[in-house]
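> Submitted below is the structure of interest, expressed as structure tokens.
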Amino acid sequence: MSAVHDLPRPKMWRRKSPPTYEGGVCISEDGGRTWHKSSDGMTSTAATHILLDPRSPPNARVLYVAGFGRGVYKSSDGGKNWSLKNDGIPGVEPLAWRLSRDSAGTLYLVVARRSDDGGLGNDGDGALYRSTDGAEHWTRLKLPEDVNGPNGLAIDPRDPKHLYLAAWGRSVPHRAQGGGVYVSTDAGNTWRKAFAKDQHIYDVTVDPDNPRVIYAAGFESSAWHSTDAGRTWQRIAGFNFKWAHRVILDLVDRQKIYITTFGGGLWHGPANGDADTPNEIATPILEHGK
């Protein structure tokens, strides 16, 4: 498949070293009309994700930031001050990518891989970490077999042990492998492959009202839908742009979803797909796996 080797996944670290990245956190207190920098204690960084602890009090919000090439920063005063929380995360420039939090307060960190050369089991692998004490300490979890490109993690809001991992396949001769969606029912201690037809899954989304409903955003001209907690999957008819970014539920009309993309605008339509729309695909889908 021609698209396997030239997908536009962000590769910031290929051209610049992480210590050269500029960025941080800004805060708005007037609904987004104006913004001011609020990064005291945070070294300039490409902040790829920010996560709020909803249990923290309004006057002392606890926030976490994934700093690409820096690690995890934490604030306990609504973002005014930050401190680095990398205990248990090895390396001087961890490519912190995405953060997740379960209903019990456990945190998960996805660390992006450094290389797309197809290698496995080396310093270029991505990683998954877990913290049960508010990012004070991190423990590395074993990734599914053959996976070194974790991309996103979604958690069942009713069962904190039920995890969905989005994975980016490794380029091997004439195909990709180790990508798709993986499921754990024991908080990431073990995994099973749930979906591999699209080897480049950017992210997964769980419907908070019905956690058996799962969405996966793929880079191979498709977004995917499961209504049985990832056991079976259907392509969402009507969406055929090849670089899906993330599926977001429409909070006004729960029968519809939004799909953000890289370069293809914002899509909106029925969550189960539009049967009246031509089901054409802009690029081929890999014909191996489930």
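Ligands are numbered from 1 in the order shown, residues from 1 within each chain, and chains are lettered A, B, ... in the order they appear in the structure tokens.
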Quick one: everything within 7 Å of A:Gly169, counting only C-alpha atoms, minus sequence neighbours fewer than 3 positions away in the same chain. Send it as a short mmCIF file (atom, residue, chain, number, x, y, z; two decimals) with C-alpha atoms, in the first residue's frame.

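The result, stored in selection.cif:
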data_model
loop_
_atom_site.label_atom_id
_atom_site.label_comp_id
_atom_site.auth_asym_id
_atom_site.auth_seq_id
_atom_site.Cartn_x
_atom_site.Cartn_y
_atom_site.Cartn_z
CA GLY A 149 3.87 3.24 18.46
CA ALA A 176 2.73 -2.05 8.27
CA GLN A 177 2.23 -4.11 11.42
CA GLY A 178 1.67 -3.56 15.12
CA GLY A 179 -0.97 -0.88 14.59
CA GLN A 199 -2.76 0.01 10.81
CA HIS A 200 -2.55 3.74 11.51
#
> Would you pick out the contacts of A:His162 at 9 Å or less, using only C-alpha atoms, so that residues sharing its chain but fewer than 3 positions from it are not included, and give the list as a list of chain:residue names?
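Those residues are A:Ala154, A:Ile155, A:Asp156, A:Pro157, A:Arg158, A:Asp159, A:Val183, A:Ser184, A:Thr185, A:Asp186, A:Ala187, A:Gly188.
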> Excluding same-chain residues fewer than 3 positions from A:Gly273, what lies within 12 Å of it counting only C-alpha atoms, as a list in words?
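Returned residues: Tyr215, Ser222, Ala223, Trp224, His225, Ser226, Gln234, Arg235, Ile236, Ala237, Gly238, Phe239, Asn240, Gln255, Lys256, Ile257, Tyr258, Ile259, Trp267, His268, Gly269, Pro270, Asp276, Thr277, Pro278 and Asn279 of chain A.
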> Which value, in Å to one decimal, gives the distance between atom CA of A:Ala112 and atom CA of A:Trp97?
5.9 Å
> Skipping near chain neighbours, those fewer than 4 positions away, what residues fall within 12 Å of A:Leu165 using only C-alpha atoms, listed as a PyMOL selection string?
chain A and resi 98+100+108-110+127-128+143-144+147-156+178-185+187-188+190-196+200-206+214-217+230
> Which residues are near A:Thr261? Cut-off 10 Å, only C-alpha atoms, ignore same chain within fewer than 5 positions. Put them as a VMD selection string.
chain A and resid 217 to 219 241 to 247 266 to 267
> Taking into account only C-alpha atoms, which residue in the set A:Asp133, A:Asp102, A:Glu22, A:Asp30 is nearest to A:Leu163?
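Checking each candidate against A:Leu163, we get A:Asp102 as the closest.
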> Write out as a VMD selection string which residues come within 9 Å of stretch 49-63 of chain A when counting only C-alpha atoms, dropping same-chain ones fewer than 6 positions away.
chain A and resid 25 73 to 79 82 96 to 101 105
> According to DSSP computed on the backbone, where in stretch 18-267 of chain A is there strand (DSSP E or B)? Give the residues as number ranges by chain.
A: 26-27, 36-37, 40, 46-52, 63-68, 71-75, 81, 83-84, 95-101, 107-111, 127-131, 139-141, 150-155, 163-168, 170-172, 175-177, 180-184, 192-195, 200-206, 214-218, 223-226, 234-235, 244-249, 256-261, 266-267
> Find the residue from A:Arg212, A:His174, A:Asp116, A:Thr139 that sits nearest to A:Thr232; use only C-alpha atoms when measuring.
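Checking each candidate against A:Thr232, we get A:Arg212 as the closest.
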